[in-house]
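Asks: Got a structure for you, model22.cif, holding mmCIF, C-alpha atoms.
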data_work
loop_
_atom_site.label_atom_id
_atom_site.label_comp_id
_atom_site.auth_asym_id
_atom_site.auth_seq_id
_atom_site.Cartn_x
_atom_site.Cartn_y
_atom_site.Cartn_z
CA MET A 1 -20.46 -6.72 57.12
CA GLY A 2 -19.12 -10.21 57.79
CA ALA A 3 -21.24 -13.30 58.21
CA ASP A 4 -20.69 -13.13 61.97
CA LYS A 5 -22.32 -9.71 62.31
CA ALA A 6 -25.89 -8.40 62.15
CA LYS A 7 -27.26 -4.88 61.82
CA ILE A 8 -30.00 -3.36 63.95
CA VAL A 9 -31.43 -0.24 62.31
CA VAL A 10 -33.28 2.27 64.49
CA GLY A 11 -34.30 5.39 62.61
CA ASP A 12 -31.13 6.74 60.99
CA GLN A 13 -28.84 4.84 63.35
CA THR A 14 -27.34 1.41 62.61
CA TYR A 15 -25.80 -0.78 65.28
CA GLU A 16 -23.67 -3.83 64.53
CA VAL A 17 -23.97 -6.78 66.88
CA ASP A 18 -22.15 -10.11 66.91
CA ILE A 19 -23.88 -13.29 65.80
CA VAL A 20 -23.07 -16.09 68.24
CA THR A 21 -23.25 -19.63 66.87
CA GLY A 22 -23.66 -22.58 69.20
CA THR A 23 -22.05 -25.97 68.65
CA GLU A 24 -25.36 -27.40 67.38
CA GLY A 25 -25.74 -24.54 64.88
CA GLU A 26 -28.14 -22.34 66.86
CA LYS A 27 -27.60 -18.63 66.24
CA ALA A 28 -28.16 -15.68 68.53
CA LEU A 29 -27.67 -11.92 68.44
CA ASP A 30 -25.33 -10.76 71.20
CA ILE A 31 -27.02 -7.56 72.39
CA GLY A 32 -25.00 -7.25 75.61
CA SER A 33 -23.64 -3.83 74.60
CA LEU A 34 -26.73 -2.55 72.81
CA ARG A 35 -28.11 -0.45 75.65
CA GLY A 36 -24.76 1.18 76.30
CA ARG A 37 -24.45 2.19 72.65
CA SER A 38 -28.05 3.03 71.81
CA GLY A 39 -30.00 3.46 75.03
CA LEU A 40 -32.30 0.63 73.86
CA VAL A 41 -33.23 -2.61 75.60
CA THR A 42 -35.13 -5.54 74.15
CA LEU A 43 -38.58 -6.65 75.33
CA ASP A 44 -39.36 -10.38 75.36
CA ASN A 45 -42.26 -11.30 77.63
CA GLY A 46 -41.62 -14.74 79.12
CA PHE A 47 -38.05 -14.83 77.71
CA GLY A 48 -39.23 -17.18 74.96
CA ASN A 49 -36.72 -15.75 72.50
CA THR A 50 -33.94 -14.70 74.85
CA GLY A 51 -30.75 -16.61 75.58
CA SER A 52 -29.75 -15.88 79.18
CA CYS A 53 -26.42 -17.69 79.16
CA ARG A 54 -23.95 -19.87 77.32
CA SER A 55 -24.19 -23.44 78.58
CA SER A 56 -22.68 -26.81 77.69
CA VAL A 57 -25.02 -28.94 79.82
CA THR A 58 -28.10 -29.67 77.71
CA PHE A 59 -29.16 -29.19 74.09
CA LEU A 60 -32.83 -29.09 73.17
CA ASN A 61 -34.40 -28.67 69.73
CA GLY A 62 -38.16 -28.47 70.13
CA GLU A 63 -38.92 -28.41 66.42
CA LYS A 64 -37.07 -31.68 65.77
CA GLY A 65 -37.80 -33.36 69.11
CA VAL A 66 -34.13 -33.60 70.14
CA LEU A 67 -32.81 -33.70 73.71
CA LYS A 68 -29.15 -34.34 74.56
CA TYR A 69 -27.23 -34.29 77.82
CA ARG A 70 -23.61 -33.22 77.21
CA GLY A 71 -24.05 -34.21 73.55
CA ILE A 72 -25.45 -37.70 74.22
CA PRO A 73 -29.02 -38.35 72.97
CA ILE A 74 -31.55 -38.94 75.73
CA GLU A 75 -32.69 -42.14 74.00
CA GLU A 76 -29.23 -43.66 74.36
CA LEU A 77 -28.86 -42.64 77.99
CA ALA A 78 -32.28 -44.01 78.94
CA GLN A 79 -31.48 -47.34 77.31
CA LYS A 80 -27.87 -47.86 78.37
CA SER A 81 -27.27 -45.81 81.51
CA HIS A 82 -28.64 -45.36 85.02
CA PHE A 83 -29.55 -42.32 87.07
CA LEU A 84 -26.34 -41.75 89.06
CA GLU A 85 -24.19 -42.18 85.96
CA VAL A 86 -26.34 -39.60 84.15
CA ALA A 87 -26.17 -37.31 87.19
CA PHE A 88 -22.36 -37.51 87.08
CA LEU A 89 -22.43 -36.80 83.34
CA LEU A 90 -24.57 -33.69 83.82
CA ILE A 91 -22.59 -32.36 86.77
CA GLU A 92 -19.03 -33.20 85.71
CA GLY A 93 -19.38 -32.96 81.94
CA ALA A 94 -18.38 -36.49 80.93
CA LEU A 95 -19.34 -40.08 81.61
CA PRO A 96 -17.49 -41.43 84.67
CA SER A 97 -14.94 -44.21 84.84
CA ARG A 98 -15.88 -47.17 87.04
CA GLU A 99 -13.72 -45.78 89.83
CA GLU A 100 -15.26 -42.30 89.53
CA LEU A 101 -18.80 -43.68 89.52
CA ASP A 102 -18.19 -45.91 92.53
CA ASP A 103 -16.71 -42.99 94.47
CA PHE A 104 -19.61 -40.73 93.46
CA ALA A 105 -22.19 -43.32 94.53
CA GLN A 106 -20.42 -43.97 97.84
CA ARG A 107 -20.28 -40.29 98.72
CA ILE A 108 -24.00 -39.93 97.98
CA ALA A 109 -24.80 -43.06 100.01
CA LYS A 110 -22.92 -41.63 103.01
CA ASN A 111 -25.08 -38.52 102.79
CA SER A 112 -28.41 -40.34 102.50
CA HIS A 113 -29.15 -40.23 106.26
CA LEU A 114 -30.92 -37.17 107.65
CA PRO A 115 -29.69 -35.74 110.97
CA GLU A 116 -32.04 -36.68 113.82
CA PRO A 117 -32.88 -33.02 114.65
CA PHE A 118 -33.73 -32.55 110.98
CA LYS A 119 -36.23 -35.42 111.11
CA LYS A 120 -37.83 -33.82 114.17
CA MET A 121 -38.09 -30.56 112.29
CA MET A 122 -39.90 -32.28 109.40
CA ALA A 123 -42.17 -34.08 111.87
CA SER A 124 -43.19 -30.67 113.26
CA PHE A 125 -44.51 -29.45 109.90
CA PRO A 126 -48.32 -29.14 109.70
CA GLN A 127 -49.99 -32.36 108.56
CA LYS A 128 -51.54 -30.64 105.53
CA MET A 129 -48.35 -28.92 104.40
CA HIS A 130 -47.71 -29.56 100.72
CA PRO A 131 -44.62 -31.75 100.23
CA MET A 132 -43.04 -29.09 98.00
CA GLY A 133 -43.27 -26.63 100.88
CA ALA A 134 -41.59 -29.18 103.13
CA LEU A 135 -38.80 -29.73 100.58
CA SER A 136 -38.26 -26.01 100.13
CA CYS A 137 -38.03 -25.43 103.88
CA GLY A 138 -35.89 -28.51 104.37
CA THR A 139 -33.46 -27.62 101.61
CA VAL A 140 -32.86 -24.15 103.02
CA ALA A 141 -32.54 -25.62 106.52
CA LEU A 142 -29.69 -27.84 105.33
CA SER A 143 -27.53 -24.71 105.29
CA ALA A 144 -27.80 -24.67 109.08
CA PHE A 145 -27.09 -28.37 109.49
CA PHE A 146 -24.19 -28.32 107.05
CA PRO A 147 -22.70 -24.80 107.28
CA GLU A 148 -19.57 -25.90 105.39
CA GLY A 149 -21.69 -25.68 102.23
CA ASN A 150 -22.43 -21.99 102.76
CA PRO A 151 -19.39 -19.93 101.70
CA PRO A 152 -20.14 -17.31 99.02
CA ASP A 153 -17.08 -18.44 97.05
CA PRO A 154 -16.85 -22.21 97.62
CA SER A 155 -13.75 -24.08 96.53
CA ALA A 156 -14.00 -26.94 94.02
CA GLU A 157 -13.83 -29.39 96.94
CA GLN A 158 -16.58 -27.58 98.84
CA ARG A 159 -18.79 -27.52 95.73
CA ALA A 160 -18.28 -31.25 95.21
CA LYS A 161 -19.15 -32.03 98.85
CA ALA A 162 -22.27 -29.86 98.79
CA ILE A 163 -23.45 -31.47 95.54
CA THR A 164 -23.17 -35.10 96.72
CA LEU A 165 -24.62 -34.07 100.08
CA LEU A 166 -27.74 -32.67 98.43
CA LEU A 167 -28.18 -35.68 96.13
CA GLY A 168 -28.27 -37.91 99.20
CA GLN A 169 -30.29 -35.63 101.45
CA MET A 170 -33.02 -34.92 98.87
CA LYS A 171 -33.72 -38.63 98.43
CA ALA A 172 -33.98 -39.03 102.19
CA MET A 173 -36.09 -35.89 102.65
CA ILE A 174 -38.79 -36.96 100.20
CA ALA A 175 -39.01 -40.51 101.56
CA THR A 176 -38.99 -39.29 105.19
CA TYR A 177 -41.71 -36.71 104.69
CA TYR A 178 -43.87 -39.24 102.86
CA ARG A 179 -43.66 -41.76 105.70
CA LEU A 180 -44.27 -39.04 108.28
CA ARG A 181 -47.39 -38.00 106.37
CA VAL A 182 -48.81 -41.54 106.21
CA GLY A 183 -47.79 -42.40 109.78
CA LYS A 184 -45.27 -45.12 108.97
CA GLU A 185 -42.02 -45.85 110.76
CA LEU A 186 -39.08 -44.23 109.02
CA ARG A 187 -36.67 -46.42 107.08
CA ASP A 188 -32.95 -45.85 106.71
CA SER A 189 -31.06 -45.75 103.46
CA ASP A 190 -29.44 -49.06 102.49
CA PRO A 191 -26.10 -48.72 100.64
CA GLY A 192 -26.64 -52.20 99.20
CA PHE A 193 -29.22 -50.77 96.81
CA ASP A 194 -28.74 -48.56 93.79
CA TYR A 195 -30.08 -44.99 94.09
CA SER A 196 -33.59 -45.58 92.69
CA SER A 197 -34.10 -48.93 94.47
CA ASP A 198 -32.95 -47.39 97.75
CA PHE A 199 -35.36 -44.51 97.35
CA PHE A 200 -38.19 -46.93 96.59
CA GLN A 201 -37.55 -49.05 99.70
CA MET A 202 -37.21 -45.92 101.86
CA MET A 203 -40.63 -44.76 100.60
CA PHE A 204 -42.60 -48.00 100.52
CA GLY A 205 -40.54 -50.75 102.17
CA GLU A 206 -42.30 -53.01 104.66
CA GLY A 207 -40.38 -55.74 106.48
CA ASP A 208 -37.92 -57.21 104.01
CA ARG A 209 -36.18 -54.86 101.62
CA ASP A 210 -36.78 -56.56 98.29
CA VAL A 211 -37.46 -54.14 95.43
CA ASP A 212 -38.77 -55.31 92.07
CA PRO A 213 -35.90 -54.58 89.65
CA GLU A 214 -38.21 -53.79 86.72
CA VAL A 215 -40.19 -51.28 88.76
CA ALA A 216 -36.97 -49.72 90.07
CA LYS A 217 -35.61 -49.53 86.52
CA ALA A 218 -38.78 -47.75 85.34
CA LEU A 219 -38.38 -45.20 88.14
CA ASP A 220 -34.69 -44.83 87.31
CA THR A 221 -35.57 -44.16 83.66
CA LEU A 222 -38.11 -41.54 84.65
CA LEU A 223 -35.51 -39.77 86.81
CA ILE A 224 -33.08 -39.77 83.87
CA LEU A 225 -35.67 -38.23 81.57
CA HIS A 226 -36.27 -35.42 84.06
CA GLY A 227 -32.54 -34.83 84.64
CA ASP A 228 -32.27 -31.48 82.85
CA HIS A 229 -34.25 -29.50 80.32
CA GLU A 230 -32.24 -26.42 79.41
CA GLN A 231 -33.19 -22.97 80.76
CA ASN A 232 -36.73 -23.63 81.98
CA CYS A 233 -38.45 -21.72 84.78
CA SER A 234 -36.91 -23.62 87.71
CA THR A 235 -33.42 -23.92 86.20
CA SER A 236 -33.40 -20.23 85.39
CA SER A 237 -34.43 -19.56 89.00
CA VAL A 238 -31.51 -21.63 90.31
CA ARG A 239 -29.12 -19.70 88.07
CA MET A 240 -30.63 -16.33 88.95
CA VAL A 241 -30.38 -16.91 92.70
CA GLY A 242 -26.96 -18.49 92.32
CA SER A 243 -25.73 -15.45 90.39
CA GLY A 244 -26.09 -13.45 93.59
CA LYS A 245 -23.58 -15.89 95.17
CA ALA A 246 -26.30 -17.48 97.26
CA ASN A 247 -25.28 -20.89 98.58
CA LEU A 248 -26.26 -24.09 96.81
CA PHE A 249 -29.06 -24.92 99.26
CA SER A 250 -30.93 -21.63 98.81
CA SER A 251 -30.32 -21.71 95.06
CA VAL A 252 -31.85 -25.18 94.76
CA ALA A 253 -34.72 -24.17 97.06
CA SER A 254 -35.58 -21.44 94.54
CA GLY A 255 -35.79 -24.13 91.86
CA ILE A 256 -38.11 -26.18 94.08
CA ASN A 257 -40.38 -23.18 94.57
CA ALA A 258 -40.47 -22.48 90.83
CA LEU A 259 -41.17 -26.13 90.02
CA TRP A 260 -44.08 -26.11 92.47
CA GLY A 261 -46.12 -23.99 90.06
CA PRO A 262 -48.92 -25.79 88.16
CA LEU A 263 -47.60 -24.46 84.83
CA HIS A 264 -44.23 -26.13 85.46
CA GLY A 265 -43.67 -29.14 87.71
CA GLY A 266 -47.31 -29.41 88.69
CA ALA A 267 -48.30 -30.52 85.19
CA ASN A 268 -48.30 -34.24 86.06
CA GLU A 269 -50.57 -33.52 89.03
CA ALA A 270 -52.91 -31.74 86.63
CA VAL A 271 -53.04 -34.88 84.46
CA ILE A 272 -54.35 -36.99 87.35
CA ASP A 273 -56.78 -34.24 88.39
CA MET A 274 -58.14 -34.26 84.83
CA LEU A 275 -58.47 -38.06 84.83
CA ASP A 276 -60.28 -37.91 88.19
CA GLU A 277 -62.63 -35.32 86.69
CA ILE A 278 -63.39 -37.63 83.77
CA LEU A 279 -63.96 -40.55 86.17
CA ALA A 280 -66.34 -38.48 88.30
CA ASP A 281 -68.28 -37.66 85.15
CA GLY A 282 -68.76 -41.34 84.36
CA GLY A 283 -65.47 -42.19 82.65
CA GLY A 284 -66.51 -41.20 79.11
CA TYR A 285 -63.16 -39.93 77.87
CA LYS A 286 -64.39 -39.54 74.28
CA LYS A 287 -66.73 -36.84 75.51
CA PHE A 288 -63.76 -34.98 76.96
CA LEU A 289 -61.76 -35.32 73.76
CA ALA A 290 -64.65 -33.57 72.03
CA LYS A 291 -64.66 -30.88 74.71
CA ALA A 292 -60.93 -30.34 74.17
CA LYS A 293 -61.57 -29.71 70.47
CA ASP A 294 -64.37 -27.23 71.17
CA LYS A 295 -62.87 -23.73 71.24
CA SER A 296 -65.82 -22.43 73.24
CA ASP A 297 -65.29 -25.02 75.98
CA PRO A 298 -62.82 -24.06 78.78
CA PHE A 299 -61.77 -27.70 79.30
CA ARG A 300 -58.09 -28.35 78.58
CA LEU A 301 -56.56 -31.72 77.80
CA MET A 302 -53.66 -31.95 80.23
CA GLY A 303 -50.50 -33.89 79.37
CA PHE A 304 -50.73 -33.38 75.62
CA GLY A 305 -48.46 -31.09 73.61
CA HIS A 306 -45.54 -29.07 74.98
CA ARG A 307 -44.48 -25.44 74.93
CA VAL A 308 -41.00 -26.27 73.61
CA TYR A 309 -41.53 -29.47 71.62
CA LYS A 310 -43.45 -28.58 68.48
CA ASN A 311 -43.28 -32.09 67.05
CA PHE A 312 -43.07 -34.72 69.80
CA ASP A 313 -41.56 -34.98 73.25
CA PRO A 314 -38.67 -37.46 72.88
CA ARG A 315 -38.94 -38.32 76.56
CA ALA A 316 -42.56 -39.41 76.14
CA LYS A 317 -41.65 -42.11 73.62
CA ILE A 318 -39.21 -43.60 76.12
CA ILE A 319 -41.35 -43.34 79.23
CA LYS A 320 -44.35 -44.90 77.47
CA GLY A 321 -42.44 -48.19 77.44
CA ALA A 322 -41.62 -47.85 81.14
CA CYS A 323 -45.26 -46.99 81.82
CA ASP A 324 -46.45 -50.15 80.09
CA THR A 325 -43.89 -52.20 82.06
CA VAL A 326 -45.01 -50.82 85.42
CA LEU A 327 -48.72 -51.31 84.72
CA SER A 328 -48.11 -54.86 83.52
CA LYS A 329 -45.70 -55.79 86.31
CA LEU A 330 -47.83 -54.40 89.13
CA GLY A 331 -51.11 -55.69 87.69
CA VAL A 332 -52.81 -52.50 88.85
CA HIS A 333 -56.56 -52.28 88.27
CA ASP A 334 -57.43 -48.62 88.58
CA PRO A 335 -60.29 -47.04 86.61
CA VAL A 336 -58.33 -43.78 86.38
CA LEU A 337 -55.46 -45.57 84.67
CA ASP A 338 -57.90 -47.31 82.34
CA ILE A 339 -59.20 -43.88 81.33
CA ALA A 340 -55.65 -42.68 80.73
CA LYS A 341 -54.89 -45.58 78.40
CA GLY A 342 -58.13 -45.08 76.53
CA LEU A 343 -57.54 -41.36 76.24
CA GLU A 344 -54.06 -41.96 74.87
CA GLU A 345 -55.24 -44.49 72.28
CA GLU A 346 -58.11 -42.33 71.02
CA ALA A 347 -56.05 -39.13 70.85
CA LEU A 348 -53.25 -40.82 68.91
CA LYS A 349 -55.67 -41.80 66.13
CA ASP A 350 -57.66 -38.54 66.11
CA ASP A 351 -56.80 -36.27 63.16
CA TYR A 352 -57.41 -33.13 65.24
CA PHE A 353 -54.64 -33.96 67.70
CA MET A 354 -52.28 -35.47 65.14
CA GLU A 355 -52.49 -32.47 62.78
CA ARG A 356 -51.68 -30.15 65.69
CA LYS A 357 -48.96 -32.50 66.95
CA LEU A 358 -50.64 -32.75 70.35
CA TYR A 359 -48.94 -35.96 71.40
CA PRO A 360 -48.91 -37.25 75.00
CA ASN A 361 -45.92 -35.70 76.76
CA VAL A 362 -43.70 -36.89 79.59
CA ASP A 363 -46.06 -35.43 82.22
CA PHE A 364 -48.90 -37.61 80.95
CA TYR A 365 -46.97 -40.85 81.35
CA SER A 366 -45.11 -39.89 84.54
CA GLY A 367 -48.41 -39.14 86.26
CA ILE A 368 -49.71 -42.58 85.28
CA ILE A 369 -46.55 -44.30 86.59
CA TYR A 370 -46.62 -42.44 89.90
CA ARG A 371 -50.29 -43.27 90.31
CA ALA A 372 -49.59 -46.96 89.64
CA LEU A 373 -46.74 -46.97 92.18
CA GLY A 374 -49.09 -45.64 94.85
CA ILE A 375 -47.43 -42.25 95.13
CA PRO A 376 -49.95 -39.61 96.28
CA THR A 377 -50.74 -36.91 93.74
CA ASP A 378 -49.18 -34.13 95.80
CA PHE A 379 -45.89 -36.08 95.83
CA PHE A 380 -45.66 -36.12 92.02
CA THR A 381 -43.81 -32.82 91.92
CA PRO A 382 -41.28 -33.87 94.61
CA MET A 383 -40.53 -36.86 92.36
CA PHE A 384 -39.85 -34.35 89.61
CA VAL A 385 -37.47 -32.57 92.01
CA LEU A 386 -35.55 -35.79 92.58
CA GLY A 387 -35.02 -36.23 88.85
CA ARG A 388 -34.30 -32.59 88.04
CA LEU A 389 -31.84 -32.09 90.92
CA PRO A 390 -28.72 -33.17 88.93
CA GLY A 391 -29.57 -30.63 86.24
CA TRP A 392 -29.95 -27.84 88.78
CA LEU A 393 -26.65 -28.84 90.37
CA ALA A 394 -24.92 -28.93 86.98
CA GLN A 395 -26.29 -25.53 86.00
CA TRP A 396 -25.36 -23.97 89.36
CA LYS A 397 -21.86 -25.46 89.15
CA GLU A 398 -21.39 -24.23 85.58
CA LEU A 399 -22.52 -20.75 86.60
CA ARG A 400 -20.25 -20.57 89.65
CA GLU A 401 -17.23 -21.80 87.67
CA ASP A 402 -17.74 -19.23 84.90
CA PRO A 403 -15.09 -16.50 85.28
CA LYS A 404 -17.46 -14.10 83.47
CA MET A 405 -20.38 -14.73 85.84
CA ARG A 406 -22.53 -11.66 86.46
CA ILE A 407 -25.47 -11.22 88.77
CA GLY A 408 -28.72 -11.68 86.84
CA ARG A 409 -30.57 -8.42 86.41
CA PRO A 410 -33.24 -8.24 83.64
CA ARG A 411 -34.45 -4.85 82.41
CA GLN A 412 -38.05 -3.70 82.08
CA ILE A 413 -40.15 -1.25 80.12
CA TYR A 414 -41.90 0.97 82.64
CA MET A 415 -45.60 1.52 81.84
CA GLY A 416 -46.77 3.22 85.04
CA LYS A 417 -47.83 6.74 85.98
CA THR A 418 -45.48 9.68 85.53
CA ASP A 419 -45.02 12.92 87.50
CA GLU A 420 -47.60 12.13 90.17
CA ALA A 421 -47.86 14.70 92.97
CA TYR A 422 -47.69 13.60 96.60
CA VAL A 423 -51.10 13.92 98.31
CA GLU A 424 -51.21 14.69 102.02
CA MET A 425 -53.00 12.16 104.23
CA GLY A 426 -55.77 14.58 105.22
CA VAL A 427 -56.91 15.22 101.68
CA ARG A 428 -56.63 11.71 100.24
CA PRO A 429 -59.88 9.98 99.24
CA PRO A 430 -61.16 7.51 101.85
CA LYS A 431 -60.61 4.55 99.56
CA SER A 432 -58.00 4.26 96.88
CA GLU A 433 -59.40 3.61 93.41
CA GLY A 434 -57.68 1.07 91.23
CA PRO A 435 -54.62 -1.02 92.08
#
Mind converting the file's structure to structure tokens?

Replies:
Amino acid sequence: MGADKAKIVVGDQTYEVDIVTGTEGEKALDIGSLRGRSGLVTLDNGFGNTGSCRSSVTFLNGEKGVLKYRGIPIEELAQKSHFLEVAFLLIEGALPSREELDDFAQRIAKNSHLPEPFKKMMASFPQKMHPMGALSCGTVALSAFFPEGNPPDPSAEQRAKAITLLLGQMKAMIATYYRLRVGKELRDSDPGFDYSSDFFQMMFGEGDRDVDPEVAKALDTLLILHGDHEQNCSTSSVRMVGSGKANLFSSVASGINALWGPLHGGANEAVIDMLDEILADGGGYKKFLAKAKDKSDPFRLMGFGHRVYKNFDPRAKIIKGACDTVLSKLGVHDPVLDIAKGLEEEALKDDYFMERKLYPNVDFYSGIIYRALGIPTDFFTPMFVLGRLPGWLAQWKELREDPKMRIGRPRQIYMGKTDEAYVEMGVRPPKSEGP
């Protein structure tokens, strides 16, 4: 057996499978033909050890704390680049020339104005509707306002138009719904601003349109750090829906819905909820650190540790600097943010958390930044959407351009009843027992 093969032994049968090696040295067993040859499928609850695709967009090594977009370390991109350049990199596969970047930015700017009927639709949403629900509905509705983005087999030109359209419309949707919720007059996009500064003035602008460049840069950095994160729950949802040849709008809406979950995009909301809980208890964060270490206590320390990163979250190191800049620049005096800083300092010198590598993650710092900027807690996840959108677009584009694309269809292991007899209505018990 060669080095590129592996053997799976089941009873007296042996099956050879290929070993696939990625460009960063990761290895995987290609079991695509295993069921056809053996009748066996694999079982991997949560897909934690299953590769669903080959992708060249993002590389992540959780054990070593490595994150790269198209081969470029996230640290370098956060320091030297800006959001639209990183978006182009993710979507197109390479850093843009000046001409390409200018064209990309101009096309997005032209699409940063919502149609008037669309604004009326958003204004009709219930006042208490969660912003993620509004974004999901709005994203699907774009297929009606821009039907040219709907063909099941879009051309390269149609894909490009739909992608820049959505990058512009999403920015406008979030800002518009925010101002509708708080009862402020809507503000138009201004092509004189960069993407992040324009978004900030559309959200919070009053009178003149000056935007603090350091604050805008911090937001831009945060969007870069959220740009893509391999095959997570929402990205996998975008790919799964896209594999059925659903249009870009409905595919991205599925990502929004997946990100809405508190175990995924809602994590930064959970951080602020935890800090509010500590404040309501008197602000004694050391008490809550002790509770987090007590196995019999149900309290969980939110924003520390990560399912994938077993060492440290490389994004957290970067965003901590942006967090410090925002707090210093804005001069915010908020007891919740004081608790967050104290919690961070104490946890980082506590042996319990250090031994278990429970470092503050990107959700911890992003929640603090959003709070300092005055963004309501339920808008934290829409901010995550804005950053993650280029990754979803890149993954959808990669999927749709793959000549070997197949509709996603996981298998299961059935564990239900067998050979049940049909019971006539007249002799069924009055109330069904069990599920």

Asks: Within 12 Å of (-39.9, -27.0, 105.4) (file coordinates; only C-alpha atoms), which protein or nucleic acid residues are there? I'd like them as a PyMOL selection string.

Replies: chain A and resi 118-127+129-142+173-174+177+253+256-257

Asks: Selected by the PyMOL selection byres ((chain A and resi 163) around 10) in the shown coordinates: which residues, as a list in words?

Replies: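 So the PyMOL selection byres ((chain A and resi 163) around 10) ends up selecting Ile91, Arg107, Ile108, Gly149, Glu157, Gln158, Arg159, Ala160, Lys161, Ala162, Thr164, Leu165, Leu166, Leu167, Gly168, Gln169, Leu248, Phe249, Leu389, Pro390, Leu393, Ala394, Trp396 and Lys397 of chain A.
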
Asks: Just write the chosen residues, C-alpha atoms, as a compact mmCIF listing (two decimals), in the coordinates of the input.

Replies:
# COMPACT_ATOMS: atom_id res chain seq x y z
CA ILE A 91 -22.59 -32.36 86.77
CA ARG A 107 -20.28 -40.29 98.72
CA ILE A 108 -24.00 -39.93 97.98
CA GLY A 149 -21.69 -25.68 102.23
CA GLU A 157 -13.83 -29.39 96.94
CA GLN A 158 -16.58 -27.58 98.84
CA ARG A 159 -18.79 -27.52 95.73
CA ALA A 160 -18.28 -31.25 95.21
CA LYS A 161 -19.15 -32.03 98.85
CA ALA A 162 -22.27 -29.86 98.79
CA THR A 164 -23.17 -35.10 96.72
CA LEU A 165 -24.62 -34.07 100.08
CA LEU A 166 -27.74 -32.67 98.43
CA LEU A 167 -28.18 -35.68 96.13
CA GLY A 168 -28.27 -37.91 99.20
CA GLN A 169 -30.29 -35.63 101.45
CA LEU A 248 -26.26 -24.09 96.81
CA PHE A 249 -29.06 -24.92 99.26
CA LEU A 389 -31.84 -32.09 90.92
CA PRO A 390 -28.72 -33.17 88.93
CA LEU A 393 -26.65 -28.84 90.37
CA ALA A 394 -24.92 -28.93 86.98
CA TRP A 396 -25.36 -23.97 89.36
CA LYS A 397 -21.86 -25.46 89.15

Asks: Could you list the residues chosen by the PyMOL selection byres ((chain A and resi 76) around 12) in this structure as a PyMOL selection string?

Replies: chain A and resi 66-69+71-75+77-82+86+221+224-225+314-315+318

Asks: Point out the residue among A:Leu259, A:Met302, A:Ala109, A:Ala322 with the least atom-to-atom distance to Phe199 of chain A, counting all atoms listed in the file.

Replies: A:Ala109

Asks: For the atom pair atom CA of Gly391 of chain A and atom CA of Val326 of chain A, what is the interatomic distance in Å to one decimal place?

Replies: 25.4 Å

Asks: For each of A:Lys184, A:Lys357, A:Lys286, A:Arg179, take the minimum atom-to-atom distance to Pro376 of chain A, counting all atoms listed in the file, then give the residue where this is smallest.

Replies: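 Answer, going by the shortest atom-to-atom distance: A:Arg179.
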
Asks: Rounded to one decimal place, report the atom CA of Arg239 of chain A-atom CA of Val308 of chain A distance in Å.

Replies: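 Interatomic distance, atom CA of Arg239 of chain A to atom CA of Val308 of chain A: 19.8 Å.
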